[in-house]
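As provided, target27.txt (compact mmCIF, C-alpha atoms) reads as follows.
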```
# COMPACT_ATOMS: atom_id res chain seq x y z
CA MET A 1 16.20 -28.77 8.13
CA PRO A 2 17.90 -30.69 5.29
CA ALA A 3 20.76 -29.26 3.22
CA HIS A 4 18.36 -28.80 0.30
CA TYR A 5 16.28 -26.48 2.42
CA LEU A 6 19.30 -24.43 3.42
CA ARG A 7 20.26 -24.03 -0.22
CA GLU A 8 16.74 -22.94 -1.15
CA SER A 9 16.43 -20.49 1.71
CA ASP A 10 19.84 -19.09 0.87
CA LYS A 11 18.74 -18.62 -2.71
CA LEU A 12 15.59 -16.85 -1.48
CA LYS A 13 17.62 -14.52 0.71
CA LYS A 14 19.77 -13.57 -2.27
CA GLN A 15 16.70 -13.01 -4.42
CA ILE A 16 15.05 -10.66 -1.95
CA LEU A 17 18.28 -8.72 -1.38
CA THR A 18 18.78 -8.31 -5.13
CA LEU A 19 15.19 -7.11 -5.49
CA CYS A 20 15.74 -4.66 -2.66
CA ALA A 21 18.88 -3.29 -4.33
CA ILE A 22 17.12 -2.85 -7.69
CA VAL A 23 14.16 -1.11 -6.06
CA GLU A 24 16.46 1.17 -4.06
CA GLU A 25 18.29 2.13 -7.24
CA ASN A 26 15.02 2.89 -9.03
CA VAL A 27 13.87 5.15 -6.20
CA GLN A 28 17.20 6.94 -6.28
CA ARG A 29 16.99 7.46 -10.05
CA ALA A 30 13.41 8.72 -9.81
CA VAL A 31 14.35 11.34 -7.27
CA MET A 32 17.50 12.30 -9.13
CA SER A 33 15.48 12.75 -12.32
CA ILE A 34 13.43 15.43 -10.51
CA GLU A 35 16.49 17.15 -9.10
CA LYS A 36 18.30 17.15 -12.46
CA ARG A 37 15.17 17.66 -14.59
CA ASP A 38 16.27 14.59 -16.55
CA GLU A 39 13.43 13.14 -18.59
CA ASP A 40 15.49 10.24 -19.97
CA LEU A 41 16.40 9.08 -16.49
CA ALA A 42 12.72 9.23 -15.50
CA LYS A 43 11.84 7.06 -18.50
CA LYS A 44 14.46 4.52 -17.43
CA VAL A 45 12.74 4.27 -14.05
CA ILE A 46 9.44 3.49 -15.76
CA SER A 47 10.87 0.86 -18.08
CA GLY A 48 12.92 -0.63 -15.22
CA ASP A 49 9.77 -1.45 -13.29
CA GLN A 50 9.07 -4.50 -15.46
CA GLU A 51 12.19 -6.15 -14.09
CA ILE A 52 10.95 -5.47 -10.54
CA ASP A 53 7.54 -6.95 -11.29
CA LYS A 54 9.16 -10.05 -12.79
CA ARG A 55 11.40 -10.56 -9.79
CA GLU A 56 8.57 -10.03 -7.34
CA ILE A 57 6.70 -12.95 -8.92
CA GLU A 58 9.85 -15.10 -8.84
CA VAL A 59 10.31 -14.42 -5.12
CA GLU A 60 6.71 -15.27 -4.38
CA GLU A 61 6.93 -18.50 -6.36
CA GLU A 62 10.13 -19.44 -4.54
CA CYS A 63 8.41 -18.84 -1.18
CA LEU A 64 5.47 -21.02 -2.15
CA LYS A 65 7.80 -23.74 -3.39
CA ILE A 66 9.70 -23.73 -0.08
CA LEU A 67 6.49 -23.78 1.96
CA ALA A 68 5.12 -26.69 -0.07
CA LEU A 69 8.31 -28.74 -0.27
CA TYR A 70 9.87 -28.24 3.15
CA GLN A 71 6.95 -27.24 5.34
CA PRO A 72 9.10 -25.10 7.60
CA VAL A 73 8.03 -24.28 11.16
CA ALA A 74 9.05 -21.75 13.85
CA THR A 75 11.82 -19.34 12.77
CA ASP A 76 12.06 -20.87 9.30
CA LEU A 77 8.35 -20.35 8.71
CA ARG A 78 8.55 -16.79 10.01
CA PHE A 79 11.41 -16.10 7.63
CA ILE A 80 9.41 -17.21 4.59
CA VAL A 81 6.35 -15.24 5.67
CA ALA A 82 8.45 -12.12 6.34
CA VAL A 83 10.05 -12.41 2.90
CA MET A 84 6.63 -12.72 1.25
CA LYS A 85 5.47 -9.54 2.93
CA MET A 86 8.66 -7.60 2.18
CA ASN A 87 8.42 -8.71 -1.41
CA ASN A 88 4.97 -7.15 -1.59
CA ASP A 89 6.21 -3.89 -0.07
CA LEU A 90 9.22 -3.74 -2.38
CA GLU A 91 7.02 -4.13 -5.44
CA ARG A 92 4.84 -1.26 -4.25
CA ILE A 93 7.87 0.91 -3.58
CA GLY A 94 8.82 0.18 -7.19
CA ASP A 95 5.39 1.43 -8.31
CA LEU A 96 5.85 4.60 -6.28
CA ALA A 97 9.22 5.21 -7.95
CA VAL A 98 7.32 5.01 -11.25
CA ASN A 99 4.78 7.52 -9.96
CA ILE A 100 7.60 9.90 -8.98
CA ALA A 101 9.17 9.45 -12.42
CA GLU A 102 5.84 10.36 -14.05
CA ARG A 103 5.71 13.58 -12.03
CA SER A 104 9.32 14.17 -12.99
CA ILE A 105 8.57 13.91 -16.73
CA PHE A 106 5.93 16.60 -16.36
CA LEU A 107 8.17 18.79 -14.20
CA SER A 108 11.06 18.56 -16.68
CA THR A 109 8.89 20.41 -19.24
CA GLN A 110 8.23 23.30 -16.83
CA ASN A 111 10.29 26.20 -15.55
CA LYS A 112 12.24 25.26 -12.47
CA ILE A 113 10.65 26.25 -9.23
CA ASP A 114 12.66 27.12 -6.13
CA LEU A 115 10.82 26.38 -2.96
CA LEU A 116 12.02 26.84 0.56
CA LEU A 117 11.15 23.30 1.30
CA ASP A 118 13.56 20.66 2.30
CA PHE A 119 12.90 18.17 -0.47
CA PRO A 120 16.52 16.89 -0.54
CA GLN A 121 16.36 16.24 3.20
CA MET A 122 13.18 14.21 2.77
CA VAL A 123 14.78 12.27 -0.06
CA GLU A 124 17.84 11.58 2.02
CA LYS A 125 15.84 10.38 5.02
CA THR A 126 13.69 8.08 2.90
CA ARG A 127 16.75 6.66 1.17
CA THR A 128 18.40 5.98 4.54
CA MET A 129 15.24 4.22 5.76
CA LEU A 130 15.29 1.95 2.72
CA LYS A 131 18.99 1.20 3.14
CA ASN A 132 18.60 0.54 6.86
CA CYS A 133 15.74 -1.91 6.52
CA LEU A 134 17.83 -3.84 4.00
CA ASP A 135 20.84 -3.83 6.33
CA ALA A 136 18.62 -4.79 9.27
CA LEU A 137 17.52 -7.83 7.28
CA ILE A 138 21.03 -8.86 6.20
CA ASN A 139 22.49 -8.50 9.68
CA MET A 140 19.33 -9.50 11.57
CA ASP A 141 19.65 -6.23 13.45
CA ALA A 142 16.46 -5.39 15.37
CA ARG A 143 17.92 -2.16 16.70
CA LEU A 144 18.45 -0.82 13.18
CA ALA A 145 14.92 -1.90 12.28
CA TYR A 146 13.56 0.10 15.23
CA SER A 147 15.49 3.15 13.99
CA VAL A 148 13.55 2.90 10.71
CA LEU A 149 10.27 3.09 12.62
CA ALA A 150 11.47 6.26 14.35
CA ALA A 151 12.61 7.88 11.09
CA ASP A 152 9.14 7.45 9.59
CA ASN A 153 7.73 10.13 11.88
CA GLU A 154 10.32 12.61 10.62
CA VAL A 155 9.43 11.93 6.99
CA ASP A 156 5.73 12.38 7.80
CA LYS A 157 6.56 15.72 9.38
CA LEU A 158 8.57 16.88 6.36
CA ASN A 159 5.70 15.88 4.06
CA GLY A 160 3.30 17.93 6.21
CA GLU A 161 5.61 20.94 5.93
CA MET A 162 5.78 20.45 2.16
CA TYR A 163 2.01 20.70 2.07
CA ASP A 164 2.03 24.01 3.97
CA ILE A 165 4.67 25.49 1.67
CA VAL A 166 2.86 24.42 -1.48
CA GLU A 167 -0.38 25.86 -0.16
CA LYS A 168 1.24 29.24 0.44
CA GLU A 169 2.92 29.21 -2.97
CA ILE A 170 -0.34 28.43 -4.77
CA LYS A 171 -2.00 31.36 -3.05
CA LYS A 172 0.84 33.59 -4.22
CA ALA A 173 0.94 32.24 -7.78
CA PRO A 174 -2.21 30.28 -8.72
CA GLU A 175 -0.99 30.00 -12.32
CA ARG A 176 1.77 27.69 -11.11
CA ILE A 177 -0.63 25.27 -9.51
CA LYS A 178 0.15 22.36 -11.86
CA VAL A 179 3.87 22.43 -11.08
CA LEU A 180 3.23 22.85 -7.37
CA ILE A 181 0.73 20.03 -7.16
CA ASN A 182 3.08 17.77 -9.09
CA LEU A 183 5.82 18.55 -6.58
CA LEU A 184 3.43 17.85 -3.75
CA SER A 185 2.55 14.50 -5.35
CA ALA A 186 6.22 13.56 -5.55
CA SER A 187 6.60 14.41 -1.87
CA ARG A 188 3.57 12.30 -0.99
CA HIS A 189 4.92 9.35 -2.99
CA LEU A 190 8.18 9.61 -1.05
CA GLU A 191 6.25 9.61 2.18
CA ARG A 192 4.48 6.41 1.10
CA ILE A 193 7.84 4.84 0.22
CA ALA A 194 8.89 5.61 3.80
CA ASP A 195 5.70 3.90 5.01
CA HIS A 196 6.55 0.75 3.07
CA ALA A 197 10.12 0.83 4.44
CA THR A 198 8.50 0.97 7.89
CA ASN A 199 6.42 -2.11 7.04
CA ILE A 200 9.59 -3.93 6.02
CA ALA A 201 11.32 -2.91 9.26
CA GLU A 202 8.32 -4.28 11.17
CA ASP A 203 8.67 -7.55 9.27
CA VAL A 204 12.36 -7.72 10.19
CA ILE A 205 11.49 -7.18 13.86
CA TYR A 206 8.84 -9.85 13.59
CA LEU A 207 11.41 -12.17 12.08
CA ILE A 208 13.96 -11.55 14.81
CA GLU A 209 11.75 -11.21 17.85
CA GLY A 210 8.79 -13.29 16.76
CA ARG A 211 6.33 -10.61 17.75
CA ILE A 212 4.08 -8.41 15.68
CA VAL A 213 5.00 -4.81 16.49
CA ARG A 214 2.78 -2.88 14.10
CA HIS A 215 -0.04 -0.78 15.56
CA LYS A 216 1.95 -0.47 18.77
CA THR A 217 3.66 2.86 18.47
CA GLU A 218 4.19 3.50 22.16
CA GLU A 219 5.85 0.18 22.59
CA PHE A 220 8.20 0.96 19.67
CA GLU A 221 9.23 4.14 21.37
CA GLU A 222 9.98 2.45 24.66
CA LYS A 223 11.94 -0.24 22.90
CA ARG A 224 13.85 2.29 20.89
CA HIS A 225 14.91 4.27 23.90
CA SER A 226 15.90 1.18 25.82
CA ASN A 227 18.02 -0.12 22.92
CA MET B 1 -6.51 -32.95 5.45
CA PRO B 2 -7.78 -33.94 8.90
CA ALA B 3 -11.06 -32.70 10.38
CA HIS B 4 -9.09 -30.39 12.70
CA TYR B 5 -7.65 -28.65 9.69
CA LEU B 6 -11.06 -28.15 8.12
CA ARG B 7 -12.33 -26.60 11.33
CA GLU B 8 -9.35 -24.26 11.50
CA SER B 9 -9.58 -23.20 7.88
CA ASP B 10 -13.31 -22.67 8.29
CA LYS B 11 -12.62 -20.46 11.28
CA LEU B 12 -10.06 -18.53 9.25
CA LYS B 13 -12.54 -18.00 6.41
CA LYS B 14 -15.06 -16.58 8.88
CA GLN B 15 -12.41 -14.33 10.42
CA ILE B 16 -11.38 -12.82 7.08
CA LEU B 17 -14.99 -12.33 5.99
CA THR B 18 -15.83 -10.58 9.24
CA LEU B 19 -12.79 -8.34 8.87
CA CYS B 20 -13.82 -7.55 5.32
CA ALA B 21 -17.34 -6.60 6.47
CA ILE B 22 -16.01 -4.33 9.24
CA VAL B 23 -13.58 -2.63 6.87
CA GLU B 24 -16.31 -2.16 4.25
CA GLU B 25 -18.55 -0.56 6.87
CA ASN B 26 -15.79 1.79 8.00
CA VAL B 27 -15.16 2.93 4.42
CA GLN B 28 -18.87 3.51 3.95
CA ARG B 29 -19.05 5.57 7.15
CA ALA B 30 -16.00 7.62 6.21
CA VAL B 31 -17.50 8.57 2.88
CA MET B 32 -20.91 9.23 4.38
CA SER B 33 -19.31 11.52 6.97
CA ILE B 34 -18.02 13.69 4.10
CA GLU B 35 -21.35 13.72 2.29
CA LYS B 36 -23.29 14.56 5.47
CA ARG B 37 -20.58 16.77 7.00
CA ASP B 38 -20.89 14.61 10.10
CA GLU B 39 -17.88 15.02 12.38
CA ASP B 40 -19.11 12.48 14.95
CA LEU B 41 -19.40 9.79 12.32
CA ALA B 42 -15.86 10.58 11.13
CA LYS B 43 -14.60 10.20 14.70
CA LYS B 44 -16.29 6.80 14.91
CA VAL B 45 -14.33 5.71 11.85
CA ILE B 46 -11.08 6.70 13.51
CA SER B 47 -11.82 4.95 16.79
CA GLY B 48 -13.17 1.89 14.91
CA ASP B 49 -9.78 1.32 13.29
CA GLN B 50 -8.37 -0.22 16.49
CA GLU B 51 -10.77 -3.13 16.10
CA ILE B 52 -9.56 -3.62 12.51
CA ASP B 53 -5.91 -3.61 13.59
CA LYS B 54 -6.65 -6.14 16.32
CA ARG B 55 -8.45 -8.46 13.94
CA GLU B 56 -5.73 -8.19 11.32
CA ILE B 57 -3.20 -9.51 13.83
CA GLU B 58 -5.56 -12.33 14.85
CA VAL B 59 -5.97 -13.40 11.21
CA GLU B 60 -2.23 -13.38 10.66
CA GLU B 61 -1.62 -15.42 13.79
CA GLU B 62 -4.29 -17.91 12.73
CA CYS B 63 -2.60 -18.26 9.31
CA LEU B 64 0.78 -18.90 10.90
CA LYS B 65 -0.73 -21.42 13.28
CA ILE B 66 -2.34 -23.33 10.41
CA LEU B 67 0.87 -23.27 8.36
CA ALA B 68 2.91 -24.54 11.30
CA LEU B 69 0.45 -27.17 12.55
CA TYR B 70 -0.98 -28.60 9.33
CA GLN B 71 1.68 -27.76 6.74
CA PRO B 72 -0.87 -27.50 3.95
CA VAL B 73 0.14 -27.91 0.30
CA ALA B 74 -1.40 -27.12 -3.13
CA THR B 75 -4.82 -25.41 -2.94
CA ASP B 76 -4.82 -25.39 0.85
CA LEU B 77 -1.48 -23.61 0.95
CA ARG B 78 -2.62 -21.12 -1.69
CA PHE B 79 -5.71 -20.39 0.39
CA ILE B 80 -3.67 -19.51 3.48
CA VAL B 81 -1.26 -17.36 1.48
CA ALA B 82 -4.12 -15.55 -0.27
CA VAL B 83 -5.79 -14.86 3.08
CA MET B 84 -2.54 -13.45 4.50
CA LYS B 85 -2.26 -11.05 1.59
CA MET B 86 -5.90 -10.01 1.67
CA ASN B 87 -5.60 -9.42 5.37
CA ASN B 88 -2.78 -6.99 4.69
CA ASP B 89 -4.80 -5.15 2.06
CA LEU B 90 -7.87 -4.97 4.29
CA GLU B 91 -5.86 -3.41 7.08
CA ARG B 92 -4.53 -0.78 4.70
CA ILE B 93 -8.02 -0.07 3.39
CA GLY B 94 -8.95 0.52 7.03
CA ASP B 95 -6.11 3.04 7.33
CA LEU B 96 -7.34 4.83 4.21
CA ALA B 97 -10.84 5.05 5.69
CA VAL B 98 -9.20 6.79 8.67
CA ASN B 99 -7.42 9.18 6.29
CA ILE B 100 -10.74 10.00 4.61
CA ALA B 101 -12.33 10.56 8.03
CA GLU B 102 -9.52 12.98 8.92
CA ARG B 103 -10.22 14.99 5.75
CA SER B 104 -13.88 14.83 6.62
CA ILE B 105 -13.36 16.34 10.08
CA PHE B 106 -11.59 19.29 8.50
CA LEU B 107 -14.22 19.66 5.76
CA SER B 108 -17.07 19.63 8.29
CA THR B 109 -15.71 22.90 9.72
CA GLN B 110 -15.77 24.62 6.31
CA ASN B 111 -18.49 26.00 4.09
CA LYS B 112 -19.88 23.34 1.80
CA ILE B 113 -18.42 23.33 -1.67
CA ASP B 114 -20.37 22.22 -4.70
CA LEU B 115 -18.19 20.84 -7.40
CA LEU B 116 -19.25 19.43 -10.70
CA LEU B 117 -17.31 16.31 -9.99
CA ASP B 118 -18.77 12.93 -9.70
CA PHE B 119 -17.63 12.11 -6.19
CA PRO B 120 -20.72 10.00 -5.37
CA GLN B 121 -20.12 7.94 -8.53
CA MET B 122 -16.53 7.30 -7.49
CA VAL B 123 -17.67 6.31 -4.01
CA GLU B 124 -20.26 3.96 -5.45
CA LYS B 125 -17.81 2.28 -7.81
CA THR B 126 -15.22 1.78 -5.08
CA ARG B 127 -17.86 0.38 -2.73
CA THR B 128 -19.01 -2.06 -5.42
CA MET B 129 -15.41 -3.17 -6.01
CA LEU B 130 -14.98 -3.90 -2.31
CA LYS B 131 -18.26 -5.79 -2.15
CA ASN B 132 -17.45 -7.77 -5.29
CA CYS B 133 -14.04 -8.92 -4.15
CA LEU B 134 -15.63 -10.17 -0.93
CA ASP B 135 -18.36 -12.00 -2.87
CA ALA B 136 -15.77 -13.38 -5.28
CA LEU B 137 -13.96 -14.87 -2.30
CA ILE B 138 -17.09 -16.33 -0.67
CA ASN B 139 -18.37 -17.87 -3.90
CA MET B 140 -14.93 -18.59 -5.39
CA ASP B 141 -16.07 -16.63 -8.43
CA ALA B 142 -13.14 -15.75 -10.71
CA ARG B 143 -15.39 -13.92 -13.14
CA LEU B 144 -16.52 -11.49 -10.47
CA ALA B 145 -12.89 -11.02 -9.43
CA TYR B 146 -11.99 -10.11 -13.04
CA SER B 147 -14.79 -7.53 -13.02
CA VAL B 148 -13.08 -5.84 -10.06
CA LEU B 149 -9.88 -5.50 -12.09
CA ALA B 150 -11.84 -3.81 -14.87
CA ALA B 151 -13.61 -1.41 -12.51
CA ASP B 152 -10.27 -0.16 -11.17
CA ASN B 153 -9.55 1.63 -14.45
CA GLU B 154 -12.82 3.53 -14.16
CA VAL B 155 -12.03 4.69 -10.64
CA ASP B 156 -8.56 5.82 -11.78
CA LYS B 157 -10.23 7.82 -14.55
CA LEU B 158 -12.67 9.48 -12.13
CA ASN B 159 -9.80 10.40 -9.81
CA GLY B 160 -7.97 11.98 -12.77
CA GLU B 161 -11.08 14.04 -13.60
CA MET B 162 -11.33 15.11 -9.97
CA TYR B 163 -7.82 16.45 -10.21
CA ASP B 164 -8.68 18.53 -13.30
CA ILE B 165 -11.77 19.99 -11.64
CA VAL B 166 -9.95 20.88 -8.45
CA GLU B 167 -7.18 22.52 -10.43
CA LYS B 168 -9.69 24.73 -12.26
CA GLU B 169 -11.50 25.62 -9.05
CA ILE B 170 -8.28 26.61 -7.28
CA LYS B 171 -7.42 28.93 -10.16
CA LYS B 172 -10.86 30.51 -9.83
CA ALA B 173 -10.79 30.76 -6.04
CA PRO B 174 -7.29 30.37 -4.57
CA GLU B 175 -8.59 31.24 -1.11
CA ARG B 176 -10.51 27.96 -1.11
CA ILE B 177 -7.39 25.90 -1.71
CA LYS B 178 -7.46 24.12 1.65
CA VAL B 179 -10.98 22.78 1.16
CA LEU B 180 -10.23 21.81 -2.43
CA ILE B 181 -7.01 20.01 -1.62
CA ASN B 182 -8.73 18.16 1.20
CA LEU B 183 -11.41 17.01 -1.23
CA LEU B 184 -8.73 15.94 -3.66
CA SER B 185 -7.02 13.96 -0.89
CA ALA B 186 -10.27 12.17 -0.10
CA SER B 187 -10.63 11.28 -3.78
CA ARG B 188 -7.08 9.98 -3.89
CA HIS B 189 -7.63 7.86 -0.79
CA LEU B 190 -10.68 6.34 -2.46
CA GLU B 191 -8.62 5.58 -5.52
CA ARG B 192 -6.08 3.77 -3.32
CA ILE B 193 -8.89 1.80 -1.68
CA ALA B 194 -9.88 0.70 -5.18
CA ASP B 195 -6.25 -0.35 -5.79
CA HIS B 196 -6.29 -2.52 -2.68
CA ALA B 197 -9.63 -4.05 -3.74
CA THR B 198 -7.89 -4.87 -7.02
CA ASN B 199 -5.07 -6.58 -5.14
CA ILE B 200 -7.63 -8.66 -3.25
CA ALA B 201 -9.36 -9.62 -6.51
CA GLU B 202 -5.97 -10.71 -7.87
CA ASP B 203 -5.48 -12.84 -4.76
CA VAL B 204 -8.89 -14.46 -5.30
CA ILE B 205 -7.98 -15.24 -8.92
CA TYR B 206 -4.69 -16.67 -7.75
CA LEU B 207 -6.56 -18.80 -5.25
CA ILE B 208 -9.00 -20.14 -7.83
CA GLU B 209 -6.79 -20.43 -10.87
CA GLY B 210 -3.40 -20.93 -9.22
CA ARG B 211 -1.77 -18.29 -11.34
CA ILE B 212 -0.43 -14.87 -10.53
CA VAL B 213 -2.31 -12.35 -12.67
CA ARG B 214 -0.89 -9.07 -11.44
CA HIS B 215 1.30 -7.04 -13.81
CA LYS B 216 -0.47 -8.68 -16.75
CA THR B 217 -3.06 -6.16 -17.76
CA GLU B 218 -3.48 -7.29 -21.35
CA GLU B 219 -4.07 -10.82 -20.27
CA PHE B 220 -6.73 -9.61 -17.78
CA GLU B 221 -8.51 -7.85 -20.58
CA GLU B 222 -8.54 -10.93 -22.83
CA LYS B 223 -9.74 -13.07 -19.98
CA ARG B 224 -12.41 -10.59 -19.04
CA HIS B 225 -13.82 -10.46 -22.54
CA SER B 226 -13.74 -14.22 -22.91
CA ASN B 227 -15.57 -14.76 -19.61
```

With the file now loaded, output its structure as structure tokens.
Amino acid sequence: MPAHYLRESDKLKKQILTLCAIVEENVQRAVMSIEKRDEDLAKKVISGDQEIDKREIEVEEECLKILALYQPVATDLRFIVAVMKMNNDLERIGDLAVNIAERSIFLSTQNKIDLLLDFPQMVEKTRTMLKNCLDALINMDARLAYSVLAADNEVDKLNGEMYDIVEKEIKKAPERIKVLINLLSASRHLERIADHATNIAEDVIYLIEGRIVRHKTEEFEEKRHSN
Amino acid sequence: MPAHYLRESDKLKKQILTLCAIVEENVQRAVMSIEKRDEDLAKKVISGDQEIDKREIEVEEECLKILALYQPVATDLRFIVAVMKMNNDLERIGDLAVNIAERSIFLSTQNKIDLLLDFPQMVEKTRTMLKNCLDALINMDARLAYSVLAADNEVDKLNGEMYDIVEKEIKKAPERIKVLINLLSASRHLERIADHATNIAEDVIYLIEGRIVRHKTEEFEEKRHSN
């Protein structure tokens, strides 16, 4: 590939990493706004989403430009396609951060509720998944990407537990249903963020190994244990 | 473009249309299984998802093959990229049909609940959105694609109303919470299906008009009224 191509693909790599960092920060702020009952922080998450949307379009346009101008094949083609898909997932993670922030604005107006659920643990696991799929991309580390796939099951489990706890609490105090359902929504949004991080990890694996691993859970597991 | 390319892109078009038809049918079955409390039908939806996953991978591989072999540019490149994105959305719609079927299996074991909500209307609107984005693709009809964007707001509104009704019902009968929350989940999954149909419509518009319309709601509205 010519030097021009290398410059363009380098630029694209920087763009997607910057987008990833901005999205990660917005997720972190959204979650923190719930923990700290901070309405202003939640509003920042919502207004910050415009920047994410703008950058998503820029990344897509850059991908199309590279495809049209340099007509990459093999690994280079896979890289562009993987970036296009990650870009899509990152934008949706951004939307989910906005959804969490919306729940947070409602929750900040209500009395604090103490549940026995492990919301901070779920937050932490999701955040780690996001960070790891970014690092897996930067370092082309398939092993780290496989670890993201494994972590998704744990987040799903925590979300299921959250549901059980909320159900019990609503039975005990039906008048608190609005707060409880808003908390459950936030948990579900986090779980979907973890799903998108899993998609990104799958794209990284595809990029490195050239094989499509989604829909093949058993194979993931084998691979993970053998790594 | 050479005759080979036309054959390949024709094959790809057929593949994506077939996938769309299968996904549409699975959504329809999932919803019908709730209405008819038909556990067997719900199980068919779940087992049918393997076929969708398989076809999604085939479409993606066909896209990559075309990109690598024919290095299309301009409209041809946009077509391949749009198909790749639609393919992704269709696969996720398939997953949501499975989620609805899972709710349905639980609901079929419970006493029927009659709510004042307009679930059938929501189902019908979502189904129309799915059908219209497929037709918009076949006939390259941007106007129809814009109508899908407009319909999404209505589905969002119906989902919001569903939430209010469920909240009231839970307050009245907290012991029915499990059934009610399962119904609410089904409604939310439908709303997400409508979101994916919207994404597909945006891809069709991108394909026809060569411009990215997402994140530009006001512009959609102007365009819709001027069409």

Separation of CA of Ser147 (chain A) and CA of Leu134 (chain A), in Å?
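Taking CA of Ser147 (chain A) as the start and CA of Leu134 (chain A) as the end point, the length is 12.4 Å.
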
How close does chain B get to chain A? List, as a Markdown table, each residue of chain B within 7 Å, its nearest atom pair and the distance in Å to one decimal, counting only C-alpha atoms.
```
| residue | atom | partner | partner_atom | distance |
| --- | --- | --- | --- | --- |
| B:Asp53 | CA | A:His215 | CA | 6.8 |
| B:Ala68 | CA | A:Val73 | CA | 5.1 |
| B:Gln71 | CA | A:Gln71 | CA | 5.5 |
| B:Val73 | CA | A:Ala68 | CA | 5.1 |
| B:Lys171 | CA | A:Pro174 | CA | 5.6 |
| B:Pro174 | CA | A:Lys171 | CA | 5.6 |
| B:Glu175 | CA | A:Lys171 | CA | 6.9 |
| B:His215 | CA | A:Asp53 | CA | 6.7 |
```

Record the distance separating CA of Glu35 (chain A) and CA of Ala97 (chain A), expressed in Å with one decimal.
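So the answer is 14.0 Å.
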
Could you give me, as a list in words, the residues within 8 Å of region 9-25 of chain B, counting only C-alpha atoms and dropping anything in the same chain fewer than 4 positions from it?
Tyr5, Arg29, Ile52, Arg55, Glu56, Val59, Glu62, Cys63, Ile66, Val83, Asn87, Leu90, Glu91, Ile93, Gly94, Arg127, Leu130, Lys131 and Leu134 of chain B

To one decimal place, how far is CA of Ser33 (chain B) from CA of Gly160 (chain A) in Å?
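Separation of CA of Ser33 (chain B) and CA of Gly160 (chain A): 23.5 Å.
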
Kindly indicate which residue among B:Thr198, B:Thr75, B:Asn111, B:Gln28 lies nearest to Ala145 (chain B), using only C-alpha atoms for the distances.
B:Thr198

Dig up all the protein and nucleic acid residues within 12 Å of (5.3, 5.3, 5.2) in the file frame, using only C-alpha atoms, and format them as a ChimeraX atom specification.
/A:89,92-93,96,125-126,129-130,148-157,159,187-202 /B:92,95

Neighbour list for Asp40 (chain A) as a PDB file with C-alpha atoms, keeping the file's coordinate frame, cut-off 12 Å, all atoms listed in the file, skip fewer than 2 positions in-chain:
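Saved file part34.pdb follows:
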```
ATOM      1  CA  ARG A  29      16.990   7.460 -10.050  1.00  0.00           C
ATOM      2  CA  ALA A  30      13.410   8.720  -9.810  1.00  0.00           C
ATOM      3  CA  MET A  32      17.500  12.300  -9.130  1.00  0.00           C
ATOM      4  CA  SER A  33      15.480  12.750 -12.320  1.00  0.00           C
ATOM      5  CA  ILE A  34      13.430  15.430 -10.510  1.00  0.00           C
ATOM      6  CA  LYS A  36      18.300  17.150 -12.460  1.00  0.00           C
ATOM      7  CA  ARG A  37      15.170  17.660 -14.590  1.00  0.00           C
ATOM      8  CA  ASP A  38      16.270  14.590 -16.550  1.00  0.00           C
ATOM      9  CA  ALA A  42      12.720   9.230 -15.500  1.00  0.00           C
ATOM     10  CA  LYS A  43      11.840   7.060 -18.500  1.00  0.00           C
ATOM     11  CA  LYS A  44      14.460   4.520 -17.430  1.00  0.00           C
ATOM     12  CA  VAL A  45      12.740   4.270 -14.050  1.00  0.00           C
ATOM     13  CA  ILE A  46       9.440   3.490 -15.760  1.00  0.00           C
ATOM     14  CA  SER A  47      10.870   0.860 -18.080  1.00  0.00           C
ATOM     15  CA  ALA A 101       9.170   9.450 -12.420  1.00  0.00           C
ATOM     16  CA  GLU A 102       5.840  10.360 -14.050  1.00  0.00           C
ATOM     17  CA  SER A 104       9.320  14.170 -12.990  1.00  0.00           C
ATOM     18  CA  ILE A 105       8.570  13.910 -16.730  1.00  0.00           C
ATOM     19  CA  SER A 108      11.060  18.560 -16.680  1.00  0.00           C
TER      20      SER A 108
END
```

My list of candidates is A:Ala142, A:Met122, A:Leu107, A:Val31. Which is closest to Asp203 (chain A) when distances are computed with all atoms listed in the file?
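So, comparing all the options, the nearest one is A:Ala142.
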
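Ranking A:Lys112, A:Val204, A:Phe106, A:Asp141 by their shortest atom-to-atom distance to Ser185 (chain A), with only C-alpha atoms included, puts A:Phe106 first.
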
Select, from B:Ile80, B:Ala186, B:Ile100, B:Ala3, the residue with the minimum atom-to-atom distance to Asn26 (chain B), counting all atoms listed in the file.
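For Asn26 (chain B), the nearest of the given residues is B:Ile100.
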
Generate a file for region 81-95 of chain A, containing C-alpha atoms, as an mmCIF file, in the first residue's frame.
```cif
data_model
loop_
_atom_site.group_PDB
_atom_site.id
_atom_site.type_symbol
_atom_site.label_atom_id
_atom_site.label_comp_id
_atom_site.auth_asym_id
_atom_site.auth_seq_id
_atom_site.Cartn_x
_atom_site.Cartn_y
_atom_site.Cartn_z
ATOM 1 C CA VAL A 81 -14.721 -2.982 7.795
ATOM 2 C CA ALA A 82 -13.980 -3.642 11.482
ATOM 3 C CA VAL A 83 -13.634 0.092 12.130
ATOM 4 C CA MET A 84 -16.964 0.779 10.414
ATOM 5 C CA LYS A 85 -18.694 -1.737 12.643
ATOM 6 C CA MET A 86 -17.013 -0.549 15.837
ATOM 7 C CA ASN A 87 -17.948 2.994 14.941
ATOM 8 C CA ASN A 88 -21.577 1.922 14.791
ATOM 9 C CA ASP A 89 -21.355 0.187 18.176
ATOM 10 C CA LEU A 90 -19.610 3.157 19.780
ATOM 11 C CA GLU A 91 -22.332 5.518 18.623
ATOM 12 C CA ARG A 92 -24.972 3.254 20.138
ATOM 13 C CA ILE A 93 -23.048 3.017 23.393
ATOM 14 C CA GLY A 94 -23.133 6.826 23.373
ATOM 15 C CA ASP A 95 -26.930 6.709 23.005
#
```
